[in-house]
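Peer 1: Below is the file work.cif, with mmCIF, C-alpha atoms; chains and numbers go by the auth columns.
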```
data_start
loop_
_atom_site.group_PDB
_atom_site.id
_atom_site.type_symbol
_atom_site.label_atom_id
_atom_site.label_comp_id
_atom_site.label_asym_id
_atom_site.label_seq_id
_atom_site.Cartn_x
_atom_site.Cartn_y
_atom_site.Cartn_z
_atom_site.B_iso_or_equiv
_atom_site.auth_seq_id
_atom_site.auth_asym_id
ATOM 1 C CA GLU A 1 21.409 -5.740 -22.461 0.00 173 A
ATOM 2 C CA GLU A 2 24.654 -5.520 -24.405 0.00 174 A
ATOM 3 C CA LYS A 3 22.920 -4.621 -27.688 0.00 175 A
ATOM 4 C CA PRO A 4 19.751 -2.688 -28.501 0.00 176 A
ATOM 5 C CA ARG A 5 16.705 -4.829 -29.177 0.00 177 A
ATOM 6 C CA ILE A 6 13.325 -4.018 -30.682 0.00 178 A
ATOM 7 C CA VAL A 7 10.258 -4.755 -28.589 0.00 179 A
ATOM 8 C CA PRO A 8 6.826 -4.480 -30.254 0.00 180 A
ATOM 9 C CA LEU A 9 4.254 -2.722 -28.089 0.00 181 A
ATOM 10 C CA THR A 10 0.479 -2.405 -28.293 0.00 182 A
ATOM 11 C CA ARG A 11 -0.968 0.865 -27.025 0.00 183 A
ATOM 12 C CA GLU A 12 -3.902 0.297 -24.692 0.00 184 A
ATOM 13 C CA ILE A 13 -5.223 1.212 -21.258 0.00 185 A
ATOM 14 C CA ILE A 14 -3.730 -1.055 -18.586 0.00 186 A
ATOM 15 C CA THR A 15 -5.715 -1.271 -15.375 0.00 187 A
ATOM 16 C CA ILE A 16 -3.614 -2.294 -12.380 0.00 188 A
ATOM 17 C CA PRO A 17 -5.516 -3.381 -9.257 0.00 189 A
ATOM 18 C CA THR A 18 -4.634 -1.827 -5.911 0.00 190 A
ATOM 19 C CA LEU A 19 -4.023 -5.246 -4.388 0.00 191 A
ATOM 20 C CA LYS A 20 -4.841 -8.907 -4.614 0.00 192 A
ATOM 21 C CA THR A 21 -5.071 -11.646 -1.993 0.00 193 A
ATOM 22 C CA GLU A 22 -4.349 -15.347 -2.017 0.00 194 A
ATOM 23 C CA MET A 23 -4.903 -18.061 0.560 0.00 195 A
ATOM 24 C CA ARG A 24 -2.150 -20.572 -0.148 0.00 196 A
ATOM 25 C CA SER A 25 -2.601 -24.292 0.422 0.00 197 A
ATOM 26 C CA ASP A 26 0.243 -24.206 2.980 0.00 198 A
ATOM 27 C CA GLY A 27 -1.709 -21.856 5.251 0.00 199 A
ATOM 28 C CA VAL A 28 0.033 -18.596 4.294 0.00 200 A
ATOM 29 C CA PHE A 29 -2.253 -15.667 3.476 0.00 201 A
ATOM 30 C CA VAL A 30 -0.719 -13.340 0.882 0.00 202 A
ATOM 31 C CA ILE A 31 -1.571 -9.679 0.308 0.00 203 A
ATOM 32 C CA SER A 32 0.145 -8.221 -2.764 0.00 204 A
ATOM 33 C CA LEU A 33 -0.163 -4.442 -2.520 0.00 205 A
ATOM 34 C CA TYR A 34 0.644 -2.648 -5.770 0.00 206 A
ATOM 35 C CA SER A 35 0.161 0.991 -4.764 0.00 207 A
ATOM 36 C CA PHE A 36 -0.972 3.293 -1.971 0.00 208 A
ATOM 37 C CA ASP A 37 -3.635 4.957 -4.123 0.00 209 A
ATOM 38 C CA ALA A 38 -7.036 6.376 -3.224 0.00 210 A
ATOM 39 C CA HIS A 39 -8.498 2.857 -2.959 0.00 211 A
ATOM 40 C CA ALA A 40 -5.726 1.374 -0.817 0.00 212 A
ATOM 41 C CA THR A 41 -7.278 2.114 2.572 0.00 213 A
ATOM 42 C CA LYS A 42 -10.636 0.506 1.741 0.00 214 A
ATOM 43 C CA ASP A 43 -9.134 -2.398 -0.196 0.00 215 A
ATOM 44 C CA PHE A 44 -6.636 -3.213 2.547 0.00 216 A
ATOM 45 C CA TYR A 45 -9.419 -3.239 5.134 0.00 217 A
ATOM 46 C CA GLU A 46 -11.276 -5.799 3.015 0.00 218 A
ATOM 47 C CA ALA A 47 -8.065 -7.817 2.648 0.00 219 A
ATOM 48 C CA MET A 48 -7.595 -7.872 6.414 0.00 220 A
ATOM 49 C CA VAL A 49 -11.211 -8.974 6.870 0.00 221 A
ATOM 50 C CA ALA A 50 -10.492 -11.852 4.485 0.00 222 A
ATOM 51 C CA PHE A 51 -7.307 -12.670 6.417 0.00 223 A
ATOM 52 C CA ASP A 52 -9.229 -12.690 9.693 0.00 224 A
ATOM 53 C CA ARG A 53 -11.853 -15.041 8.260 0.00 225 A
ATOM 54 C CA SER A 54 -9.166 -17.351 6.885 0.00 226 A
ATOM 55 C CA LYS A 55 -7.984 -18.189 10.444 0.00 227 A
ATOM 56 C CA SER A 56 -4.403 -18.149 9.147 0.00 228 A
ATOM 57 C CA THR A 57 -1.622 -17.117 11.520 0.00 229 A
ATOM 58 C CA LYS A 58 0.884 -16.417 8.731 0.00 230 A
ATOM 59 C CA LEU A 59 0.659 -13.192 6.716 0.00 231 A
ATOM 60 C CA LEU A 60 2.884 -12.341 3.755 0.00 232 A
ATOM 61 C CA LEU A 61 2.761 -8.723 2.594 0.00 233 A
ATOM 62 C CA ASP A 62 4.310 -8.279 -0.867 0.00 234 A
ATOM 63 C CA LEU A 63 5.448 -4.690 -1.533 0.00 235 A
ATOM 64 C CA ARG A 64 7.822 -5.485 -4.392 0.00 236 A
ATOM 65 C CA GLY A 65 7.578 -2.970 -7.215 0.00 237 A
ATOM 66 C CA ASN A 66 5.206 -0.766 -5.193 0.00 238 A
ATOM 67 C CA PRO A 67 6.213 2.867 -5.920 0.00 239 A
ATOM 68 C CA GLY A 68 4.180 4.333 -3.065 0.00 240 A
ATOM 69 C CA GLY A 69 1.362 6.853 -3.097 0.00 241 A
ATOM 70 C CA PHE A 70 -0.553 8.621 -0.345 0.00 242 A
ATOM 71 C CA LEU A 71 1.106 9.020 3.056 0.00 243 A
ATOM 72 C CA ASP A 72 -2.249 8.703 4.829 0.00 244 A
ATOM 73 C CA ALA A 73 -2.753 5.274 3.237 0.00 245 A
ATOM 74 C CA ALA A 74 0.610 4.059 4.554 0.00 246 A
ATOM 75 C CA VAL A 75 -0.209 5.267 8.076 0.00 247 A
ATOM 76 C CA ASP A 76 -3.674 3.713 7.930 0.00 248 A
ATOM 77 C CA ILE A 77 -2.319 0.333 6.794 0.00 249 A
ATOM 78 C CA ALA A 78 0.401 0.411 9.464 0.00 250 A
ATOM 79 C CA SER A 79 -2.407 0.875 11.980 0.00 251 A
ATOM 80 C CA TYR A 80 -3.512 -2.738 11.417 0.00 252 A
ATOM 81 C CA PHE A 81 -0.201 -3.892 12.879 0.00 253 A
ATOM 82 C CA LEU A 82 0.708 -1.278 15.503 0.00 254 A
ATOM 83 C CA PRO A 83 -1.151 -0.243 18.666 0.00 255 A
ATOM 84 C CA ALA A 84 -2.712 3.207 18.726 0.00 256 A
ATOM 85 C CA GLY A 85 -0.190 5.974 19.322 0.00 257 A
ATOM 86 C CA GLU A 86 2.876 4.111 18.037 0.00 258 A
ATOM 87 C CA GLU A 87 5.055 6.175 15.714 0.00 259 A
ATOM 88 C CA VAL A 88 4.847 5.283 12.015 0.00 260 A
ATOM 89 C CA VAL A 89 6.932 8.018 10.371 0.00 261 A
ATOM 90 C CA ARG A 90 8.347 11.471 11.031 0.00 262 A
ATOM 91 C CA GLU A 91 8.683 14.483 8.748 0.00 263 A
ATOM 92 C CA ARG A 92 11.870 16.440 9.469 0.00 264 A
ATOM 93 C CA TYR A 93 12.233 19.991 8.197 0.00 265 A
ATOM 94 C CA ASP A 94 15.274 22.249 7.995 0.00 266 A
ATOM 95 C CA GLY A 95 15.701 24.991 10.555 0.00 267 A
ATOM 96 C CA ASN A 96 13.840 25.118 13.848 0.00 268 A
ATOM 97 C CA GLU A 97 10.510 23.778 12.650 0.00 269 A
ATOM 98 C CA GLU A 98 9.258 20.920 14.824 0.00 270 A
ATOM 99 C CA GLU A 99 9.061 17.431 13.351 0.00 271 A
ATOM 100 C CA ASN A 100 5.622 16.253 12.283 0.00 272 A
ATOM 101 C CA VAL A 101 4.974 12.787 13.703 0.00 273 A
ATOM 102 C CA HIS A 102 2.402 10.429 12.174 0.00 274 A
ATOM 103 C CA ARG A 103 1.099 7.780 14.570 0.00 275 A
ATOM 104 C CA SER A 104 -0.876 4.562 14.344 0.00 276 A
ATOM 105 C CA GLU A 105 -4.629 4.715 14.796 0.00 277 A
ATOM 106 C CA GLY A 106 -4.684 1.161 16.156 0.00 278 A
ATOM 107 C CA HIS A 107 -6.982 -0.818 13.812 0.00 279 A
ATOM 108 C CA GLU A 108 -6.613 -3.951 15.937 0.00 280 A
ATOM 109 C CA PHE A 109 -9.524 -6.197 15.086 0.00 281 A
ATOM 110 C CA VAL A 110 -7.682 -9.501 14.443 0.00 282 A
ATOM 111 C CA ALA A 111 -7.856 -11.181 17.852 0.00 283 A
ATOM 112 C CA ARG A 112 -5.355 -14.012 17.334 0.00 284 A
ATOM 113 C CA PRO A 113 -1.557 -13.671 17.224 0.00 285 A
ATOM 114 C CA PHE A 114 -0.039 -13.831 13.741 0.00 286 A
ATOM 115 C CA ARG A 115 3.374 -13.466 12.154 0.00 287 A
ATOM 116 C CA THR A 116 4.177 -11.177 9.240 0.00 288 A
ATOM 117 C CA VAL A 117 6.914 -11.135 6.605 0.00 289 A
ATOM 118 C CA ILE A 118 7.238 -8.310 4.086 0.00 290 A
ATOM 119 C CA LEU A 119 8.769 -8.675 0.614 0.00 291 A
ATOM 120 C CA VAL A 120 10.598 -5.607 -0.741 0.00 292 A
ATOM 121 C CA ASP A 121 12.916 -4.819 -3.641 0.00 293 A
ATOM 122 C CA LYS A 122 14.552 -1.881 -5.419 0.00 294 A
ATOM 123 C CA GLY A 123 11.139 -0.906 -6.780 0.00 295 A
ATOM 124 C CA SER A 124 9.634 -0.528 -3.282 0.00 296 A
ATOM 125 C CA ALA A 125 9.593 3.219 -2.665 0.00 297 A
ATOM 126 C CA SER A 126 8.076 6.067 -0.704 0.00 298 A
ATOM 127 C CA ALA A 127 4.961 4.878 1.176 0.00 299 A
ATOM 128 C CA SER A 128 6.155 1.267 0.795 0.00 300 A
ATOM 129 C CA GLU A 129 9.327 2.178 2.658 0.00 301 A
ATOM 130 C CA ILE A 130 7.376 4.039 5.328 0.00 302 A
ATOM 131 C CA LEU A 131 5.190 1.002 6.011 0.00 303 A
ATOM 132 C CA ALA A 132 8.002 -1.563 5.831 0.00 304 A
ATOM 133 C CA GLY A 133 10.353 0.561 7.937 0.00 305 A
ATOM 134 C CA ALA A 134 7.787 1.100 10.675 0.00 306 A
ATOM 135 C CA LEU A 135 6.816 -2.566 10.968 0.00 307 A
ATOM 136 C CA LYS A 136 10.446 -3.667 10.939 0.00 308 A
ATOM 137 C CA GLU A 137 11.590 -1.224 13.628 0.00 309 A
ATOM 138 C CA HIS A 138 8.614 -1.946 15.888 0.00 310 A
ATOM 139 C CA GLY A 139 9.520 -5.628 15.711 0.00 311 A
ATOM 140 C CA VAL A 140 6.361 -6.884 14.066 0.00 312 A
ATOM 141 C CA ALA A 141 7.753 -8.016 10.702 0.00 313 A
ATOM 142 C CA ASP A 142 10.913 -9.200 8.977 0.00 314 A
ATOM 143 C CA LEU A 143 11.876 -7.768 5.588 0.00 315 A
ATOM 144 C CA VAL A 144 12.987 -10.138 2.829 0.00 316 A
ATOM 145 C CA GLY A 145 14.364 -9.171 -0.578 0.00 317 A
ATOM 146 C CA GLU A 146 16.619 -6.403 -1.854 0.00 318 A
ATOM 147 C CA GLN A 147 17.559 -2.864 -0.801 0.00 319 A
ATOM 148 C CA THR A 148 14.617 -0.527 -1.337 0.00 320 A
ATOM 149 C CA PHE A 149 14.608 2.528 -3.606 0.00 321 A
ATOM 150 C CA GLY A 150 15.195 5.286 -1.034 0.00 322 A
ATOM 151 C CA LYS A 151 12.497 7.872 -1.784 0.00 323 A
ATOM 152 C CA GLY A 152 11.800 9.727 1.433 0.00 324 A
ATOM 153 C CA SER A 153 11.288 13.336 0.406 0.00 325 A
ATOM 154 C CA VAL A 154 8.318 15.548 1.273 0.00 326 A
ATOM 155 C CA GLN A 155 7.403 17.920 -1.550 0.00 327 A
ATOM 156 C CA GLU A 156 5.125 20.905 -2.041 0.00 328 A
ATOM 157 C CA LEU A 157 3.733 22.222 -5.319 0.00 329 A
ATOM 158 C CA ILE A 158 4.020 26.027 -5.465 0.00 330 A
ATOM 159 C CA ALA A 159 2.116 27.907 -8.183 0.00 331 A
ATOM 160 C CA ILE A 160 4.280 30.411 -10.082 0.00 332 A
ATOM 161 C CA THR A 161 1.944 31.545 -12.861 0.00 333 A
ATOM 162 C CA ASP A 162 -1.351 30.254 -14.232 0.00 334 A
ATOM 163 C CA ASP A 163 0.421 27.540 -16.200 0.00 335 A
ATOM 164 C CA THR A 164 3.676 26.951 -14.300 0.00 336 A
ATOM 165 C CA ALA A 165 4.580 25.617 -10.869 0.00 337 A
ATOM 166 C CA LEU A 166 7.594 24.702 -8.779 0.00 338 A
ATOM 167 C CA LYS A 167 7.828 21.356 -7.002 0.00 339 A
ATOM 168 C CA LEU A 168 9.979 21.985 -3.944 0.00 340 A
ATOM 169 C CA THR A 169 11.381 19.446 -1.481 0.00 341 A
ATOM 170 C CA VAL A 170 10.692 20.802 1.997 0.00 342 A
ATOM 171 C CA ALA A 171 11.350 17.871 4.345 0.00 343 A
ATOM 172 C CA GLU A 172 12.411 14.234 4.591 0.00 344 A
ATOM 173 C CA TRP A 173 10.790 11.149 6.004 0.00 345 A
ATOM 174 C CA LEU A 174 12.415 9.347 8.930 0.00 346 A
ATOM 175 C CA THR A 175 11.619 5.904 10.288 0.00 347 A
ATOM 176 C CA PRO A 176 10.556 5.642 13.958 0.00 348 A
ATOM 177 C CA ASN A 177 14.234 5.105 14.865 0.00 349 A
ATOM 178 C CA GLY A 178 15.256 8.268 13.038 0.00 350 A
ATOM 179 C CA VAL A 179 16.692 6.632 9.901 0.00 351 A
ATOM 180 C CA SER A 180 16.416 8.793 6.779 0.00 352 A
ATOM 181 C CA ILE A 181 14.659 6.806 4.060 0.00 353 A
ATOM 182 C CA SER A 182 16.212 9.004 1.369 0.00 354 A
ATOM 183 C CA GLN A 183 19.786 8.216 2.381 0.00 355 A
ATOM 184 C CA ALA A 184 19.904 4.622 1.169 0.00 356 A
ATOM 185 C CA GLY A 185 16.474 3.090 1.514 0.00 357 A
ATOM 186 C CA LEU A 186 15.857 0.074 3.752 0.00 358 A
ATOM 187 C CA THR A 187 18.126 -2.945 4.113 0.00 359 A
ATOM 188 C CA PRO A 188 16.132 -6.190 4.419 0.00 360 A
ATOM 189 C CA ASP A 189 16.700 -8.479 7.392 0.00 361 A
ATOM 190 C CA TYR A 190 17.254 -11.251 4.860 0.00 362 A
ATOM 191 C CA VAL A 191 18.857 -10.126 1.604 0.00 363 A
ATOM 192 C CA VAL A 192 17.720 -12.352 -1.260 0.00 364 A
ATOM 193 C CA VAL A 193 18.427 -11.375 -4.875 0.00 365 A
ATOM 194 C CA LEU A 194 15.980 -12.183 -7.660 0.00 366 A
ATOM 195 C CA SER A 195 18.099 -12.707 -10.774 0.00 367 A
ATOM 196 C CA ASP A 196 17.127 -12.490 -14.440 0.00 368 A
ATOM 197 C CA GLU A 197 17.688 -16.236 -14.628 0.00 369 A
ATOM 198 C CA ASP A 198 15.250 -16.773 -11.747 0.00 370 A
ATOM 199 C CA ILE A 199 12.617 -14.770 -13.606 0.00 371 A
ATOM 200 C CA THR A 200 13.244 -16.631 -16.863 0.00 372 A
ATOM 201 C CA GLU A 201 13.022 -20.000 -15.124 0.00 373 A
ATOM 202 C CA GLY A 202 9.931 -19.008 -13.120 0.00 374 A
ATOM 203 C CA ARG A 203 11.685 -19.145 -9.752 0.00 375 A
ATOM 204 C CA ASP A 204 11.059 -16.756 -6.848 0.00 376 A
ATOM 205 C CA PRO A 205 13.727 -17.246 -4.135 0.00 377 A
ATOM 206 C CA GLN A 206 12.481 -14.168 -2.269 0.00 378 A
ATOM 207 C CA LEU A 207 9.014 -15.651 -1.919 0.00 379 A
ATOM 208 C CA ASP A 208 10.535 -19.006 -0.983 0.00 380 A
ATOM 209 C CA LYS A 209 12.555 -17.400 1.834 0.00 381 A
ATOM 210 C CA ALA A 210 9.524 -15.530 3.145 0.00 382 A
ATOM 211 C CA ILE A 211 7.464 -18.735 3.228 0.00 383 A
ATOM 212 C CA GLU A 212 10.328 -20.532 4.966 0.00 384 A
ATOM 213 C CA LEU A 213 10.442 -17.883 7.693 0.00 385 A
ATOM 214 C CA LEU A 214 6.686 -17.960 8.211 0.00 386 A
ATOM 215 C CA HIS A 215 6.746 -21.741 8.667 0.00 387 A
ATOM 216 C CA SER A 216 9.890 -21.763 10.805 0.00 388 A
ATOM 217 C CA GLY A 217 8.257 -20.101 13.788 0.00 389 A
ATOM 218 C CA LYS A 218 11.175 -17.678 14.109 0.00 390 A
ATOM 219 C CA PHE A 219 10.429 -14.294 15.605 0.00 391 A
ATOM 220 C CA PRO A 220 11.177 -11.129 13.632 0.00 392 A
ATOM 221 C CA LYS A 221 14.780 -9.993 14.075 0.00 393 A
ATOM 222 C CA ALA A 222 13.729 -6.561 15.313 0.00 394 A
ATOM 223 C CA GLY A 223 11.701 -7.865 18.239 0.00 395 A
ATOM 224 C CA ASP A 224 8.951 -10.247 19.263 0.00 396 A
ATOM 225 C CA ALA A 225 6.521 -12.181 17.089 0.00 397 A
ATOM 226 C CA THR A 226 4.016 -10.248 15.011 0.00 398 A
ATOM 227 C CA THR A 227 0.860 -9.988 17.052 0.00 399 A
ATOM 228 C CA THR A 228 -2.298 -7.990 16.870 0.00 400 A
ATOM 229 C CA PRO A 229 -3.807 -8.260 20.359 0.00 401 A
ATOM 230 C CA ALA A 230 -7.552 -8.198 20.846 0.00 402 A
ATOM 231 C CA LYS A 231 -9.061 -5.162 22.489 0.00 403 A
#
```
In structure tokens, how does this file's structure come out?

Peer 2:
Amino acid sequence: EEKPRIVPLTREIITIPTLKTEMRSDGVFVISLYSFDAHATKDFYEAMVAFDRSKSTKLLLDLRGNPGGFLDAAVDIASYFLPAGEEVVRERYDGNEEENVHRSEGHEFVARPFRTVILVDKGSASASEILAGALKEHGVADLVGEQTFGKGSVQELIAITDDTALKLTVAEWLTPNGVSISQAGLTPDYVVVLSDEDITEGRDPQLDKAIELLHSGKFPKAGDATTTPAK
């Protein structure tokens, strides 16, 4: 904005859901994940059950504006896409301390092959970047949208007195390929900008590109098609 403007606000409690799902008429199943909170693990399981029952082979995961949350939730959700034992994220510390590697638990209950596209933007941070980075580098999903936020720090809360504490950064998160999330965030495979004019006019070119990719049959740039093999 070039000039200040007054915006009237009403104070009230705003309840934001953890996620929502949509089965589109074109056969694309959409999971919009808003945060990696305490309910994310359970809610995402239910979303994947709904996806399985839908018989769709096209999954769109929308992480735009998702600021992150619990690391364990990101690892658990990644486990629906990666075989057990595959690396999801690493914690790198200064000095000689060994990296802490978080691996997929292999929640592979969708028997049919399916493709995945992930939407990200500058509001996708922390756990969103962990999940998106892992699926991109393992070749199971393409990223569409804008450069992500770049929040990859590991912090500890150290008590100083009864009413004060110090929040100290002790490590950084790395993608499976060793890319520091904090350096610059993630660069999408397909960069698509959502302008103010798009928002005003009700357009969503990022969503349009993701749908195009899912219907095109193209494999993810990082590797083969997104598949979750049956056990």

Peer 1: If the PyMOL selection byres ((chain A and resi 353) around 8) were run on this exact file, what residues would it hold? Put them as a ChimeraX atom specification.

Peer 2: /A:301-302,322-324,344-347,351-352,354-358

Peer 1: Given all atoms listed in the file as the basis, pick out the residue of A:Phe216, A:Phe242, A:Phe223, A:Phe253 nearest to A:Gly199.

Peer 2: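 Smallest distance to A:Gly199 is found for A:Phe223.
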
Peer 1: Could you list the residues chosen by the PyMOL selection byres ((chain A and resi 329) around 6) in this structure as a short mmCIF file (atom, residue, chain, number, x, y, z; two decimals) with C-alpha atoms, keeping the file's coordinate frame?

Peer 2:
```cif
data_model
loop_
_atom_site.label_atom_id
_atom_site.label_comp_id
_atom_site.auth_asym_id
_atom_site.auth_seq_id
_atom_site.Cartn_x
_atom_site.Cartn_y
_atom_site.Cartn_z
CA GLU A 328 5.12 20.90 -2.04
CA ILE A 330 4.02 26.03 -5.46
CA LEU A 338 7.59 24.70 -8.78
CA LYS A 339 7.83 21.36 -7.00
#
```

Peer 1: A:Glu258: which residues within 8 Å, counting all atoms listed in the file, same-chain residues fewer than 2 positions away excluded, as a compact mmCIF listing (two decimals) with C-alpha atoms, in the coordinates of the input?

Peer 2:
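Generated file (around.txt):
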```
# COMPACT_ATOMS: atom_id res chain seq x y z
CA LEU A 254 0.71 -1.28 15.50
CA PRO A 255 -1.15 -0.24 18.67
CA ALA A 256 -2.71 3.21 18.73
CA VAL A 260 4.85 5.28 12.02
CA ARG A 275 1.10 7.78 14.57
CA SER A 276 -0.88 4.56 14.34
```

Peer 1: Work out how far atom CA of A:Gly237 is from atom CA of A:Val365, in Å to one decimal.

Peer 2: 13.9 Å

Peer 1: Taking all atoms listed in the file into account, which of A:Val363, A:Ala331, A:Val326, A:Leu231 comes nearest A:Val312?

Peer 2: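 Of A:Val363, A:Ala331, A:Val326, A:Leu231, the one nearest A:Val312, counting all atoms listed in the file, is A:Leu231.
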
Peer 1: Applied to this file, what does the PyMOL selection byres ((chain A and resi 280-288) around 9) return in terms of residues, put as a VMD selection string?

Peer 2: chain A and resid 220 to 221 223 to 224 227 to 233 251 to 256 277 to 279 289 to 290 312 to 314 386 389 391 to 392 397 to 403

Peer 1: Let me have the centre and edge lengths of the axis-aligned box enclosing all listed atoms of stretch 338-356 of chain A with 6 Å padding on every side, in Å to one decimal, as JSON.

Peer 2:
```
{"center_x": 13.7, "center_y": 14.7, "center_z": 3.0, "size_x": 24.3, "size_y": 32.1, "size_z": 35.6}
```

Peer 1: Which value, in Å to one decimal, gives the distance between atom CA of A:Ser388 and atom CA of A:Asp198?

Peer 2: 12.7 Å

Peer 1: From the set A:Ala299, A:Ile203, A:Ala222, A:Ala306, which residue has the shortest atom-to-atom contact distance to A:Ser325, counting all atoms listed in the file?

Peer 2: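 Of the candidates, the smallest distance to A:Ser325 is held by A:Ala299.
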
Peer 1: As an exercise, work out the distance from atom CA of A:Val273 to atom CA of A:Ile332 in Å and give it to one decimal place.

Peer 2: 29.6 Å
